[in-house]
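To start, the structure under review is shown below, and the notes come after it.
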Amino acid sequence: MARPPATRKEQILHLVLYPLTWLEERSGLVGATKYFLFRKVPGDISWGHTLGSATLTAFIVQVLTGVILAMYYKPDPDKAYESIRYITDDVFLGWLVRGMHRWGASVFIILMFLHMGRVFLYGAYKYPRELNWILGVLILALGMLEGFTGYLLPWDQTAYWATVVGINLQATGPFVGPFLAPVLAGGADIGSDTLARFYAIHMLLIPGALFALIGLHLYLVIRLGVSSPPWSPNAAGKDRVEPTPQGRAGLVAPGPRGGKAR
Amino acid sequence: MASNGGDGTPHAPAPTLWPVGFAVGIAVLLVGVILGWLIVAIGAAIAALFGFLWIREVTRPVRAAEPPAAPEPSTRAAPQGRKATPEPGEGEIVRFPRSKLLEGATLGLGVVIGGIVTLPVAGFALVPPFVDQGTDDVDVGALDDFPENRFVITTFLLDPAQGEVSRRTAYVRNNGLLDGTPSLTILSNRCVHLGCPVQVNGLPIDAAEQKEQIDKTEVRRIPTAAAVGFGCPCHGGQYDDEGNRTAGPPVRALDRFEFKIKNGRLLLSKTYSVSHVEGTGADAQITAYPLMGPGQHVDGPEAVLYPIPPPGR
């Protein structure tokens with residue numbers, strides 16, 4: 001809040017930006033968002049580096065569509081299948097939202113694996129980013145659990161028997177298996193408690209944990225920065241000369257486009 | 001360009017070929033699981049050797065490094081004389097013992113309160129599946145409704161309060177009288193591989209389905225012609241007429257129901273597990289165990305993996 005704006009153009013700009021200035025002065029959130037969005041990344045990153053944000057986008061789609069589906073779904077053995085039919089056939093655009101959630105689940109899992117593969121092949125899990133790999137593996141495991149618990153909710157024959165097999169598979173684990181299965185099923189047998197339990201796990205327990213883990217994952221990405229590809233002349237800790245054309249044939253990608261002076 | 005965090009020195013280990021040998025060992029071990037124990041032993045030996053070499057390679061820089069200097073004795077560990085306030089170390093603020101006590105008390109109190117709140121909630125989530133899981137005896141019809149020496153596909157509600165979701169199927173065969181008392185073979189249709197519904201093999205239906213209302217729930221009975229064992233549609237487990245496993249992945253024989261006869265009516269009660277059955281029909285010798293989940297061994301060396309059946313049923 002320095003001198004009052006002089007020209008007409010400055011006055012308009014000041015008015016338009018006033019809400020942001022107000023927010024920034026009281027919370028620092030505008031600066032934080034800028035810091036997050038406009039941070040520096042290596043010059044030779046590729047489309048492969050966007051898989052993480054793609055996964056995050058898929059997760060956000062799952063959250064939004066899931067919240068809306070929960071407004072119509074009834075986790076009761078007598079009503080669950082009928083409510084799914086109602087969502088799919090009768091609710092306006094219900095088929096679309098349910099389809100987004102159903103197919104988006106596969107997209108989320110596939111993107112997680114692609115992101116994991118990129119990180120693995122680029123060696124981006126190495127020091128100092130080991131912890132972020134571990135967090136990612138936890139996110140992957142919880143994502144698969146989301147798939148397992150969500151699969152039961154349509155409460156049709158496929159859902160029911162797939163869950164019977166899935167829970168009994170857990171039950172064959174040595175020593176703890178026989179105790180894990182009743183905890184999952186909410187009783188000695190799969191019944192009405194199982195559906196409610198899976199619904200609560202699917203829409204409350206695991207998403208909460210996922211929010212926390214994704215937050216930590218992003219925090220570490222921002223704190224540690226994005227790693228260069230392994231063939232980058234600027235890769236962390238490397239002091240290597242530009243490889244000769246023969247030496248790199250078929251093994252590494254060509255050098256960065258747009259000249260070598262960086 | 002690339003942010004490296006930390007002190008900027010890379011800690012990546014040097015490339016090594018030992019993991020390849022380790023992987024080969026694991027592969028040989030897995031092949032051995034199919035071919036024989038000798039191959040397993042060879043694979044395990046290769047994996048152990050290369051694993052050891054790998055670990056040695058990776059830890060070389062660590063082992064070569066000098067042992068870390070002995071930690072500075074903390075001010076708390078070695079109080080000298082009686083001082084109200086210990087001398088602060090470098091970069092440490094002066095703290096009175098009372099301040100430390102209050103901090104510890106606050107944290108401790110927080111832990112206690114958290115525990116008091118968390119424990120009942122955790123118990124509420126985890127304990128009910130193990131309490132009072134048994135069900136009442138289920139009336140499935142008059143004994144006369146079960147013709148001798150053929151299976152009747154009988155479906156009933158295990159827990160009428162839960163409704164149709166608790167509908168279960170038993171294969172009931174009346175073996176006639178044994179020493180003056182009725183003998184029945186009552187197999188649960190739950191496959192002991194992973195719990196799918198086992199079906200009667202062959203062309204089973206012999207007569208029309210009988211429906212009977214018992215205690216406001218419906219019991220259905222479908223008499224079968226000569227059954228030729230049972231098969232599971234999920235992963236192909238096969239059983240003979242006595243429930244013995246004949247092929248596929250199941251780990252024991254089909255579970256059976258205990259039964260009672262009251263006023264000429266057949267009541268199904270607890271389920272129990274069976275490792276195998278010798279003989280047939282009324283002469284069958286059943287090796288029974290407490291009920292275990294599908295896929296859990298009740299005999300043989302693998303049974304040590306499932307020592308305690310979960311309580312409550």
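By order in the structure tokens, chains are A, B, ...; within a chain, residues start at 1; ligands start at 1, following the order shown.
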Each residue of chain A with at least one atom at most 7 Å from chain B should appear once, together with its nearest atom pair and the corresponding distance in Å (one decimal); atoms considered: only C-alpha atoms; ordering: chain, then increasing residue number; output as CSV.
```
residue,atom,partner,partner_atom,distance
A:Val41,CA,B:Ala2,CA,6.9
A:Pro42,CA,B:Ala2,CA,5.4
A:Pro77,CA,B:Val165,CA,6.8
A:Lys126,CA,B:Ala12,CA,6.5
A:Tyr127,CA,B:His11,CA,6.0
A:Pro128,CA,B:Gly5,CA,6.7
A:Trp161,CA,B:Cys196,CA,6.7
A:Val164,CA,B:Gly195,CA,6.3
A:Val165,CA,B:Leu194,CA,5.2
A:Asn168,CA,B:Leu194,CA,5.3
A:Leu169,CA,B:Leu194,CA,6.4
A:Ala171,CA,B:Gly293,CA,6.8
A:Thr172,CA,B:Gly295,CA,5.6
A:Pro174,CA,B:Leu305,CA,4.8
A:Phe175,CA,B:Tyr306,CA,5.2
A:Pro178,CA,B:Pro310,CA,6.1
A:Phe179,CA,B:Pro310,CA,5.9
A:Pro182,CA,B:Pro129,CA,5.5
A:Val183,CA,B:Leu126,CA,5.9
A:Gly186,CA,B:Pro129,CA,5.1
A:Gly187,CA,B:Pro129,CA,3.9
A:Ala188,CA,B:Gln133,CA,6.1
A:Gly191,CA,B:Val165,CA,5.8
A:Ser192,CA,B:Val165,CA,6.8
A:Leu224,CA,B:Gly5,CA,5.2
A:Gly225,CA,B:Ser3,CA,5.2
A:Val226,CA,B:Ala2,CA,6.7
A:Ser227,CA,B:Ala2,CA,5.7
A:Ser228,CA,B:Ala2,CA,6.0
A:Asn234,CA,B:Met1,CA,6.7
A:Ala235,CA,B:Ala2,CA,6.5
A:Ala236,CA,B:Ala2,CA,5.9
A:Gly237,CA,B:Pro10,CA,5.4
```
Check: Per DSSP on the backbone, what are the alpha helix (DSSP H) residues of range 122-224 of chain A, as a ChimeraX atom specification?
Finding: /A:130-152,157-171,177-185,192-200,206-224
Notebook entry, point to check: Per DSSP on the backbone, what are the strand (DSSP E) residues of range 22-180 of chain B, as JSON, numbers by chain?
Noted result: {"B": [138, 139, 140, 141, 142, 151, 152, 153, 154, 155, 156, 157, 167, 168, 169, 170, 171, 172, 173, 174, 175, 176, 177, 178]}
So that I can see what lies close to range 282-287 of chain B, please list as a tab-separated table (two decimals) with N, CA and C atoms, in the first residue's frame the residues with an atom at most 7 Å from it, counting only C-alpha atoms and leaving out residues fewer than 3 positions away in the same chain.
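Once everything was written out, this is around.tsv:
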```
chain	number	residue	atom	x	y	z
B	175	ASN	N	-28.94	-90.62	4.71
B	175	ASN	CA	-28.28	-91.92	4.52
B	175	ASN	C	-29.10	-93.06	5.14
B	178	LEU	N	-28.77	-95.43	11.04
B	178	LEU	CA	-27.54	-96.08	11.47
B	178	LEU	C	-27.73	-96.41	12.95
B	183	SER	N	-29.05	-90.93	9.91
B	183	SER	CA	-27.71	-90.48	9.51
B	183	SER	C	-27.85	-89.58	8.29
B	274	VAL	N	-13.49	-80.22	7.75
B	274	VAL	CA	-13.18	-81.63	7.59
B	274	VAL	C	-11.91	-81.75	6.76
B	275	SER	N	-10.96	-82.58	7.23
B	275	SER	CA	-9.76	-82.75	6.40
B	275	SER	C	-10.01	-83.80	5.32
B	276	HIS	N	-10.57	-84.95	5.71
B	276	HIS	CA	-10.93	-85.95	4.71
B	276	HIS	C	-11.94	-86.92	5.31
B	277	VAL	N	-12.59	-87.66	4.43
B	277	VAL	CA	-13.62	-88.61	4.85
B	277	VAL	C	-13.25	-89.98	4.30
B	278	GLU	N	-13.25	-91.01	5.20
B	278	GLU	CA	-13.05	-92.39	4.75
B	278	GLU	C	-14.41	-93.06	4.68
B	279	GLY	N	-14.61	-93.91	3.66
B	279	GLY	CA	-15.88	-94.61	3.56
B	279	GLY	C	-16.95	-93.69	3.00
```
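Interatomic distance, CA of Leu13 in chain A against CA of Glu25 in chain A: 17.0 Å.
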Next item on the list: Counting only C-alpha atoms, figure out which residue out of A:Glu146, A:Glu130, A:Asp78, A:Asp193 gets nearest to Pro207 in chain A.
Entry: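 With only C-alpha atoms as the atom set, the closest residue is A:Glu146.
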Notebook entry, point to check: Neighbours of Leu157 in chain B within 12 Å (only C-alpha atoms; same-chain residues fewer than 6 positions away dropped), as a list of chain:residue names?
Noted result: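 So the residues in contact are A:Gly191, B:Thr135, B:Asp136, B:Asp137, B:Val138, B:Asp139, B:Val140, B:Gly163, B:Glu164, B:Val165, B:Ser166, B:Arg167, B:Arg168, B:Thr169, B:Ala170, B:Gln213, B:Ile214, B:Asp215, B:Lys216, B:Thr217, B:Glu218, B:Val219, B:Arg220, B:Leu268.
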Note to self: Report as an MDAnalysis selection string all protein, DNA and RNA residues lying within 10 Å of Tyr81 in chain A, evaluated on only C-alpha atoms, omitting residues in the same chain fewer than 5 positions from it.
What the structure shows: chainID A and resid 73:76 86:87 153:156
Dump of N, CA and C atoms for the selected residues, as a PDB file, in the first residue's frame:
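This is the output file again.pdb:
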```pdb
ATOM      1  N   TYR A  73     -26.230 -42.919  -3.648  1.00  0.00           N
ATOM      2  CA  TYR A  73     -25.991 -44.328  -3.357  1.00  0.00           C
ATOM      3  C   TYR A  73     -26.470 -44.691  -1.956  1.00  0.00           C
ATOM      4  N   LYS A  74     -26.998 -45.928  -1.799  1.00  0.00           N
ATOM      5  CA  LYS A  74     -27.464 -46.384  -0.485  1.00  0.00           C
ATOM      6  C   LYS A  74     -26.742 -47.680  -0.120  1.00  0.00           C
ATOM      7  N   PRO A  75     -25.884 -47.655   0.895  1.00  0.00           N
ATOM      8  CA  PRO A  75     -25.092 -48.857   1.227  1.00  0.00           C
ATOM      9  C   PRO A  75     -25.902 -49.849   2.056  1.00  0.00           C
ATOM     10  N   ASP A  76     -26.959 -50.386   1.497  1.00  0.00           N
ATOM     11  CA  ASP A  76     -27.804 -51.337   2.210  1.00  0.00           C
ATOM     12  C   ASP A  76     -28.030 -52.522   1.280  1.00  0.00           C
ATOM     13  N   TYR A  86     -30.658 -46.913 -10.371  1.00  0.00           N
ATOM     14  CA  TYR A  86     -31.302 -45.604 -10.401  1.00  0.00           C
ATOM     15  C   TYR A  86     -30.320 -44.540 -10.891  1.00  0.00           C
ATOM     16  N   ILE A  87     -29.090 -44.574 -10.350  1.00  0.00           N
ATOM     17  CA  ILE A  87     -28.074 -43.607 -10.782  1.00  0.00           C
ATOM     18  C   ILE A  87     -27.814 -43.751 -12.279  1.00  0.00           C
ATOM     19  N   LEU A 153     -19.311 -52.192  -4.160  1.00  0.00           N
ATOM     20  CA  LEU A 153     -20.459 -51.315  -3.929  1.00  0.00           C
ATOM     21  C   LEU A 153     -21.630 -51.514  -4.896  1.00  0.00           C
ATOM     22  N   PRO A 154     -21.422 -51.851  -6.208  1.00  0.00           N
ATOM     23  CA  PRO A 154     -22.596 -52.090  -7.058  1.00  0.00           C
ATOM     24  C   PRO A 154     -23.451 -53.251  -6.567  1.00  0.00           C
ATOM     25  N   TRP A 155     -22.859 -54.133  -5.735  1.00  0.00           N
ATOM     26  CA  TRP A 155     -23.614 -55.203  -5.071  1.00  0.00           C
ATOM     27  C   TRP A 155     -24.325 -56.091  -6.071  1.00  0.00           C
ATOM     28  N   ASP A 156     -23.671 -56.406  -7.192  1.00  0.00           N
ATOM     29  CA  ASP A 156     -24.198 -57.416  -8.100  1.00  0.00           C
ATOM     30  C   ASP A 156     -23.409 -58.712  -7.886  1.00  0.00           C
TER      31      ASP A 156
END
```
Notebook entry, point to check: Hey, can you check how far CA of Arg98 in chain A sits from CA of Gly150 in chain A?
Noted result: 12.0 Å
